[in-house]
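Structure file start26.cif (mmCIF, N, CA and C atoms) is printed below.
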```cif
data_start
loop_
_atom_site.group_PDB
_atom_site.id
_atom_site.type_symbol
_atom_site.label_atom_id
_atom_site.label_comp_id
_atom_site.auth_asym_id
_atom_site.auth_seq_id
_atom_site.Cartn_x
_atom_site.Cartn_y
_atom_site.Cartn_z
ATOM 1 N N MET H 1 22.188 -26.918 15.563
ATOM 2 C CA MET H 1 20.961 -26.241 15.155
ATOM 3 C C MET H 1 21.014 -25.948 13.657
ATOM 4 N N ASN H 2 19.862 -25.927 13.028
ATOM 5 C CA ASN H 2 19.752 -25.619 11.612
ATOM 6 C C ASN H 2 19.328 -24.170 11.422
ATOM 7 N N GLN H 3 19.701 -23.635 10.279
ATOM 8 C CA GLN H 3 19.236 -22.298 9.921
ATOM 9 C C GLN H 3 18.167 -22.421 8.854
ATOM 10 N N TYR H 4 17.177 -21.534 8.943
ATOM 11 C CA TYR H 4 16.079 -21.521 7.980
ATOM 12 C C TYR H 4 15.869 -20.103 7.463
ATOM 13 N N ARG H 5 15.567 -20.007 6.184
ATOM 14 C CA ARG H 5 15.175 -18.726 5.602
ATOM 15 C C ARG H 5 13.653 -18.692 5.627
ATOM 16 N N VAL H 6 13.105 -17.702 6.321
ATOM 17 C CA VAL H 6 11.662 -17.569 6.458
ATOM 18 C C VAL H 6 11.233 -16.334 5.670
ATOM 19 N N THR H 7 10.336 -16.517 4.714
ATOM 20 C CA THR H 7 9.891 -15.431 3.851
ATOM 21 C C THR H 7 8.506 -14.953 4.280
ATOM 22 N N PHE H 8 8.401 -13.651 4.486
ATOM 23 C CA PHE H 8 7.132 -13.034 4.849
ATOM 24 C C PHE H 8 6.530 -12.360 3.625
ATOM 25 N N LYS H 9 5.231 -12.439 3.511
ATOM 26 C CA LYS H 9 4.521 -11.678 2.490
ATOM 27 C C LYS H 9 3.824 -10.534 3.189
ATOM 28 N N ARG H 10 4.037 -9.320 2.701
ATOM 29 C CA ARG H 10 3.396 -8.155 3.294
ATOM 30 C C ARG H 10 2.476 -7.507 2.271
ATOM 31 N N VAL H 11 1.271 -7.267 2.686
ATOM 32 C CA VAL H 11 0.314 -6.564 1.847
ATOM 33 C C VAL H 11 0.128 -5.191 2.477
ATOM 34 N N GLU H 12 0.513 -4.153 1.744
ATOM 35 C CA GLU H 12 0.485 -2.807 2.297
ATOM 36 C C GLU H 12 -0.583 -1.961 1.622
ATOM 37 N N ALA H 13 -1.033 -0.967 2.330
ATOM 38 C CA ALA H 13 -2.013 -0.024 1.794
ATOM 39 C C ALA H 13 -1.513 1.385 2.029
ATOM 40 N N PHE H 14 -1.834 2.258 1.112
ATOM 41 C CA PHE H 14 -1.450 3.656 1.205
ATOM 42 C C PHE H 14 -2.711 4.493 1.086
ATOM 43 N N TYR H 15 -2.919 5.354 2.038
ATOM 44 C CA TYR H 15 -4.141 6.147 2.044
ATOM 45 C C TYR H 15 -3.820 7.629 2.052
ATOM 46 N N GLN H 16 -4.587 8.396 1.315
ATOM 47 C CA GLN H 16 -4.507 9.847 1.364
ATOM 48 C C GLN H 16 -5.904 10.371 1.094
ATOM 49 N N ALA H 17 -6.368 11.259 1.942
ATOM 50 C CA ALA H 17 -7.683 11.868 1.743
ATOM 51 C C ALA H 17 -7.477 13.263 1.172
ATOM 52 N N ILE H 18 -8.299 13.610 0.207
ATOM 53 C CA ILE H 18 -8.272 14.952 -0.360
ATOM 54 C C ILE H 18 -9.689 15.502 -0.363
ATOM 55 N N LEU H 19 -9.807 16.812 -0.445
ATOM 56 C CA LEU H 19 -11.115 17.457 -0.533
ATOM 57 C C LEU H 19 -11.303 17.999 -1.936
ATOM 58 N N VAL H 20 -12.444 17.700 -2.533
ATOM 59 C CA VAL H 20 -12.806 18.257 -3.838
ATOM 60 C C VAL H 20 -14.207 18.838 -3.729
ATOM 61 N N THR H 21 -14.462 19.856 -4.514
ATOM 62 C CA THR H 21 -15.782 20.475 -4.555
ATOM 63 C C THR H 21 -16.524 19.926 -5.768
ATOM 64 N N ALA H 22 -17.702 19.367 -5.530
ATOM 65 C CA ALA H 22 -18.477 18.770 -6.619
ATOM 66 C C ALA H 22 -19.946 18.789 -6.235
ATOM 67 N N SER H 23 -20.794 18.599 -7.244
ATOM 68 C CA SER H 23 -22.240 18.617 -6.989
ATOM 69 C C SER H 23 -22.788 17.241 -6.614
ATOM 70 N N ASN H 24 -22.019 16.165 -6.899
ATOM 71 C CA ASN H 24 -22.477 14.816 -6.548
ATOM 72 C C ASN H 24 -21.259 13.892 -6.414
ATOM 73 N N PRO H 25 -21.455 12.712 -5.846
ATOM 74 C CA PRO H 25 -20.329 11.789 -5.643
ATOM 75 C C PRO H 25 -19.630 11.385 -6.943
ATOM 76 N N SER H 26 -20.384 11.241 -8.006
ATOM 77 C CA SER H 26 -19.797 10.850 -9.281
ATOM 78 C C SER H 26 -18.834 11.925 -9.791
ATOM 79 N N GLU H 27 -19.240 13.165 -9.684
ATOM 80 C CA GLU H 27 -18.389 14.278 -10.112
ATOM 81 C C GLU H 27 -17.146 14.374 -9.223
ATOM 82 N N ALA H 28 -17.311 14.159 -7.934
ATOM 83 C CA ALA H 28 -16.176 14.183 -7.009
ATOM 84 C C ALA H 28 -15.173 13.088 -7.379
ATOM 85 N N HIS H 29 -15.696 11.922 -7.734
ATOM 86 C CA HIS H 29 -14.842 10.800 -8.148
ATOM 87 C C HIS H 29 -14.043 11.181 -9.387
ATOM 88 N N GLU H 30 -14.706 11.770 -10.370
ATOM 89 C CA GLU H 30 -14.047 12.175 -11.614
ATOM 90 C C GLU H 30 -12.968 13.217 -11.346
ATOM 91 N N LYS H 31 -13.271 14.208 -10.517
ATOM 92 C CA LYS H 31 -12.284 15.248 -10.204
ATOM 93 C C LYS H 31 -11.067 14.664 -9.493
ATOM 94 N N ALA H 32 -11.300 13.756 -8.571
ATOM 95 C CA ALA H 32 -10.191 13.127 -7.852
ATOM 96 C C ALA H 32 -9.318 12.308 -8.799
ATOM 97 N N GLU H 33 -9.934 11.599 -9.732
ATOM 98 C CA GLU H 33 -9.164 10.832 -10.712
ATOM 99 C C GLU H 33 -8.331 11.750 -11.597
ATOM 100 N N GLU H 34 -8.881 12.906 -11.973
ATOM 101 C CA GLU H 34 -8.122 13.877 -12.764
ATOM 102 C C GLU H 34 -6.900 14.363 -11.993
ATOM 103 N N LEU H 35 -7.094 14.697 -10.720
ATOM 104 C CA LEU H 35 -5.972 15.153 -9.899
ATOM 105 C C LEU H 35 -4.890 14.077 -9.812
ATOM 106 N N ALA H 36 -5.305 12.839 -9.626
ATOM 107 C CA ALA H 36 -4.342 11.742 -9.521
ATOM 108 C C ALA H 36 -3.589 11.554 -10.831
ATOM 109 N N SER H 37 -4.286 11.594 -11.952
ATOM 110 C CA SER H 37 -3.621 11.386 -13.239
ATOM 111 C C SER H 37 -2.719 12.558 -13.617
ATOM 112 N N ASP H 38 -3.005 13.750 -13.079
ATOM 113 C CA ASP H 38 -2.158 14.917 -13.334
ATOM 114 C C ASP H 38 -0.953 14.971 -12.394
ATOM 115 N N GLY H 39 -0.847 14.015 -11.486
ATOM 116 C CA GLY H 39 0.284 13.959 -10.568
ATOM 117 C C GLY H 39 0.162 14.880 -9.370
ATOM 118 N N ALA H 40 -1.043 15.359 -9.089
ATOM 119 C CA ALA H 40 -1.241 16.275 -7.967
ATOM 120 C C ALA H 40 -1.231 15.562 -6.620
ATOM 121 N N ILE H 41 -1.378 14.262 -6.634
ATOM 122 C CA ILE H 41 -1.391 13.498 -5.393
ATOM 123 C C ILE H 41 -0.094 12.708 -5.333
ATOM 124 N N GLU H 42 0.710 12.975 -4.296
ATOM 125 C CA GLU H 42 1.984 12.292 -4.141
ATOM 126 C C GLU H 42 1.965 11.478 -2.862
ATOM 127 N N PHE H 43 2.655 10.358 -2.889
ATOM 128 C CA PHE H 43 2.713 9.493 -1.723
ATOM 129 C C PHE H 43 4.123 9.483 -1.155
ATOM 130 N N ASP H 44 4.223 9.571 0.142
ATOM 131 C CA ASP H 44 5.481 9.382 0.847
ATOM 132 C C ASP H 44 5.412 7.979 1.428
ATOM 133 N N TYR H 45 5.969 7.024 0.705
ATOM 134 C CA TYR H 45 5.806 5.624 1.073
ATOM 135 C C TYR H 45 6.398 5.284 2.439
ATOM 136 N N LEU H 46 7.382 6.050 2.892
ATOM 137 C CA LEU H 46 7.958 5.778 4.208
ATOM 138 C C LEU H 46 7.013 6.180 5.323
ATOM 139 N N LYS H 47 6.238 7.249 5.117
ATOM 140 C CA LYS H 47 5.333 7.726 6.155
ATOM 141 C C LYS H 47 3.940 7.108 6.058
ATOM 142 N N GLU H 48 3.471 6.851 4.852
ATOM 143 C CA GLU H 48 2.079 6.469 4.664
ATOM 144 C C GLU H 48 1.842 4.975 4.604
ATOM 145 N N SER H 49 2.899 4.192 4.601
ATOM 146 C CA SER H 49 2.721 2.750 4.517
ATOM 147 C C SER H 49 2.066 2.222 5.783
ATOM 148 N N ASP H 50 1.086 1.396 5.603
ATOM 149 C CA ASP H 50 0.421 0.752 6.729
ATOM 150 C C ASP H 50 0.264 -0.718 6.373
ATOM 151 N N ILE H 51 0.978 -1.575 7.072
ATOM 152 C CA ILE H 51 0.907 -2.997 6.748
ATOM 153 C C ILE H 51 -0.448 -3.535 7.177
ATOM 154 N N MET H 52 -1.219 -4.009 6.213
ATOM 155 C CA MET H 52 -2.546 -4.546 6.473
ATOM 156 C C MET H 52 -2.486 -6.025 6.842
ATOM 157 N N ASP H 53 -1.528 -6.718 6.278
ATOM 158 C CA ASP H 53 -1.470 -8.158 6.483
ATOM 159 C C ASP H 53 -0.022 -8.599 6.348
ATOM 160 N N GLU H 54 0.380 -9.515 7.167
ATOM 161 C CA GLU H 54 1.725 -10.065 7.084
ATOM 162 C C GLU H 54 1.649 -11.522 7.482
ATOM 163 N N HIS H 55 2.116 -12.391 6.617
ATOM 164 C CA HIS H 55 2.113 -13.800 6.965
ATOM 165 C C HIS H 55 3.279 -14.505 6.282
ATOM 166 N N ILE H 56 3.677 -15.611 6.852
ATOM 167 C CA ILE H 56 4.808 -16.382 6.336
ATOM 168 C C ILE H 56 4.328 -17.208 5.143
ATOM 169 N N ILE H 57 5.081 -17.110 4.047
ATOM 170 C CA ILE H 57 4.705 -17.880 2.849
ATOM 171 C C ILE H 57 5.684 -18.992 2.535
ATOM 172 N N ASP H 58 6.881 -18.966 3.155
ATOM 173 C CA ASP H 58 7.849 -19.996 2.836
ATOM 174 C C ASP H 58 8.851 -20.143 3.968
ATOM 175 N N VAL H 59 9.218 -21.386 4.244
ATOM 176 C CA VAL H 59 10.287 -21.700 5.202
ATOM 177 C C VAL H 59 11.231 -22.647 4.478
ATOM 178 N N GLU H 60 12.480 -22.225 4.312
ATOM 179 C CA GLU H 60 13.434 -23.002 3.546
ATOM 180 C C GLU H 60 14.671 -23.286 4.401
ATOM 181 N N LYS H 61 15.039 -24.530 4.478
ATOM 182 C CA LYS H 61 16.222 -24.898 5.234
ATOM 183 C C LYS H 61 17.467 -24.541 4.430
ATOM 184 N N LEU H 62 18.419 -23.923 5.099
ATOM 185 C CA LEU H 62 19.671 -23.533 4.423
ATOM 186 C C LEU H 62 20.724 -24.603 4.582
#
```
Spell out the structure here as structure tokens.
Amino acid sequence: MNQYRVTFKRVEAFYQAILVTASNPSEAHEKAEELASDGAIEFDYLKESDIMDEHIIDVEKL
């Protein structure tokens, strides 16, 4: 039997919802961007990772 190295490509997404008080969607967007740039939003990549897509991109005979 032969051995093969099979490479998977994973596309992951990280989601976090926050609540902001604003008078319109544009203002809410701006406030959320400020919070993100100030480092107020942190991600725990081990808990929040959700694989959206996974497919094989390469099969190489060893």
(request) Just say which residues the PyMOL selection byres (((chain H and resi 1-15 and name CA) around 6) and name CA) picks in this file, as a VMD selection string. (result) chain H and resid 16 48 to 62
(request) Quote the spacing between atom CA of H:Leu35 and atom CA of H:Ser23 in Å to one decimal place. (result) 16.9 Å
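Here the residues within chain H that DSSP labels strand (DSSP E or B) on the basis of the backbone are Tyr4, Arg5, Val6, Thr7, Phe8, Lys9, Arg10, Val11, Glu12, Ala13, Phe14, Ser49, Asp50, Ile51, Met52, Asp53, Glu54, His55, Ile56, Ile57, Asp58, Val59, Glu60 and Lys61 of chain H.
From atom N of H:Ser37 back to atom C of H:Ala22, the distance works out to 18.2 Å.
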Using all atoms listed in the file, determine which residues lie at most 8 Å from H:Ala32, disregarding the query and same-chain residues fewer than 6 positions distant; provide the list as a compact mmCIF listing (two decimals) with N, CA and C atoms, in the frame of the given file.
```
# COMPACT_ATOMS: atom_id res chain seq x y z
N ILE H 18 -8.30 13.61 0.21
CA ILE H 18 -8.27 14.95 -0.36
C ILE H 18 -9.69 15.50 -0.36
N LEU H 19 -9.81 16.81 -0.44
CA LEU H 19 -11.12 17.46 -0.53
C LEU H 19 -11.30 18.00 -1.94
N VAL H 20 -12.44 17.70 -2.53
CA VAL H 20 -12.81 18.26 -3.84
C VAL H 20 -14.21 18.84 -3.73
N THR H 21 -14.46 19.86 -4.51
CA THR H 21 -15.78 20.48 -4.56
C THR H 21 -16.52 19.93 -5.77
N SER H 26 -20.38 11.24 -8.01
CA SER H 26 -19.80 10.85 -9.28
C SER H 26 -18.83 11.92 -9.79
N ASP H 38 -3.00 13.75 -13.08
CA ASP H 38 -2.16 14.92 -13.33
C ASP H 38 -0.95 14.97 -12.39
```
Save chain H of the structure in the block above to a file, with C-alpha atoms included, as a PDB file, in the first residue's frame.
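Below you can see out-v4.pdb, which holds the result:
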```
ATOM      1  CA  MET H   1       0.000   0.000   0.000  1.00  0.00           C
ATOM      2  CA  ASN H   2       1.089   3.581  -0.631  1.00  0.00           C
ATOM      3  CA  GLN H   3       0.943   6.474   1.770  1.00  0.00           C
ATOM      4  CA  TYR H   4      -0.455   9.840   0.748  1.00  0.00           C
ATOM      5  CA  ARG H   5      -0.355  13.244   2.389  1.00  0.00           C
ATOM      6  CA  VAL H   6      -3.812  14.782   2.077  1.00  0.00           C
ATOM      7  CA  THR H   7      -4.075  18.525   2.724  1.00  0.00           C
ATOM      8  CA  PHE H   8      -7.339  20.079   3.857  1.00  0.00           C
ATOM      9  CA  LYS H   9      -8.205  23.732   3.501  1.00  0.00           C
ATOM     10  CA  ARG H  10     -10.378  25.082   6.290  1.00  0.00           C
ATOM     11  CA  VAL H  11     -12.211  28.358   6.112  1.00  0.00           C
ATOM     12  CA  GLU H  12     -13.241  29.435   9.595  1.00  0.00           C
ATOM     13  CA  ALA H  13     -15.486  32.173  10.899  1.00  0.00           C
ATOM     14  CA  PHE H  14     -15.570  33.827  14.284  1.00  0.00           C
ATOM     15  CA  TYR H  15     -18.708  35.508  15.499  1.00  0.00           C
ATOM     16  CA  GLN H  16     -19.445  37.699  18.490  1.00  0.00           C
ATOM     17  CA  ALA H  17     -22.560  39.785  18.996  1.00  0.00           C
ATOM     18  CA  ILE H  18     -22.457  42.937  21.079  1.00  0.00           C
ATOM     19  CA  LEU H  19     -25.098  45.479  22.052  1.00  0.00           C
ATOM     20  CA  VAL H  20     -24.561  49.185  21.417  1.00  0.00           C
ATOM     21  CA  THR H  21     -26.905  52.097  21.977  1.00  0.00           C
ATOM     22  CA  ALA H  22     -27.292  54.334  18.933  1.00  0.00           C
ATOM     23  CA  SER H  23     -29.884  56.415  17.124  1.00  0.00           C
ATOM     24  CA  ASN H  24     -29.435  54.666  13.743  1.00  0.00           C
ATOM     25  CA  PRO H  25     -27.642  51.693  12.149  1.00  0.00           C
ATOM     26  CA  SER H  26     -24.806  53.860  10.861  1.00  0.00           C
ATOM     27  CA  GLU H  27     -24.042  55.182  14.338  1.00  0.00           C
ATOM     28  CA  ALA H  28     -24.228  51.658  15.781  1.00  0.00           C
ATOM     29  CA  HIS H  29     -21.725  50.520  13.141  1.00  0.00           C
ATOM     30  CA  GLU H  30     -19.341  53.355  14.045  1.00  0.00           C
ATOM     31  CA  LYS H  31     -19.585  52.630  17.780  1.00  0.00           C
ATOM     32  CA  ALA H  32     -18.928  48.931  17.238  1.00  0.00           C
ATOM     33  CA  GLU H  33     -15.870  49.710  15.106  1.00  0.00           C
ATOM     34  CA  GLU H  34     -14.551  52.002  17.859  1.00  0.00           C
ATOM     35  CA  LEU H  35     -14.963  49.242  20.443  1.00  0.00           C
ATOM     36  CA  ALA H  36     -13.152  46.777  18.190  1.00  0.00           C
ATOM     37  CA  SER H  37     -10.262  49.146  17.483  1.00  0.00           C
ATOM     38  CA  ASP H  38      -9.927  49.916  21.214  1.00  0.00           C
ATOM     39  CA  GLY H  39      -9.531  46.192  21.926  1.00  0.00           C
ATOM     40  CA  ALA H  40     -12.814  45.868  23.815  1.00  0.00           C
ATOM     41  CA  ILE H  41     -13.837  42.841  21.778  1.00  0.00           C
ATOM     42  CA  GLU H  42     -11.754  39.725  22.384  1.00  0.00           C
ATOM     43  CA  PHE H  43     -12.010  36.376  20.673  1.00  0.00           C
ATOM     44  CA  ASP H  44     -11.448  32.982  22.237  1.00  0.00           C
ATOM     45  CA  TYR H  45     -10.452  31.139  19.093  1.00  0.00           C
ATOM     46  CA  LEU H  46     -10.762  27.720  20.735  1.00  0.00           C
ATOM     47  CA  LYS H  47     -14.395  28.296  21.707  1.00  0.00           C
ATOM     48  CA  GLU H  48     -15.660  30.546  18.927  1.00  0.00           C
ATOM     49  CA  SER H  49     -14.207  28.850  15.882  1.00  0.00           C
ATOM     50  CA  ASP H  50     -16.823  27.476  13.550  1.00  0.00           C
ATOM     51  CA  ILE H  51     -15.581  25.716  10.443  1.00  0.00           C
ATOM     52  CA  MET H  52     -17.667  27.010   7.550  1.00  0.00           C
ATOM     53  CA  ASP H  53     -16.005  25.021   4.814  1.00  0.00           C
ATOM     54  CA  GLU H  54     -13.497  22.215   4.600  1.00  0.00           C
ATOM     55  CA  HIS H  55     -12.250  20.616   1.438  1.00  0.00           C
ATOM     56  CA  ILE H  56      -9.215  18.734   0.184  1.00  0.00           C
ATOM     57  CA  ILE H  57      -6.820  20.874  -1.842  1.00  0.00           C
ATOM     58  CA  ASP H  58      -3.929  18.483  -2.378  1.00  0.00           C
ATOM     59  CA  VAL H  59      -3.117  14.771  -2.401  1.00  0.00           C
ATOM     60  CA  GLU H  60       0.584  13.972  -2.524  1.00  0.00           C
ATOM     61  CA  LYS H  61       2.119  10.532  -2.696  1.00  0.00           C
ATOM     62  CA  LEU H  62       4.905  10.004  -0.172  1.00  0.00           C
TER      63      LEU H  62
END
```
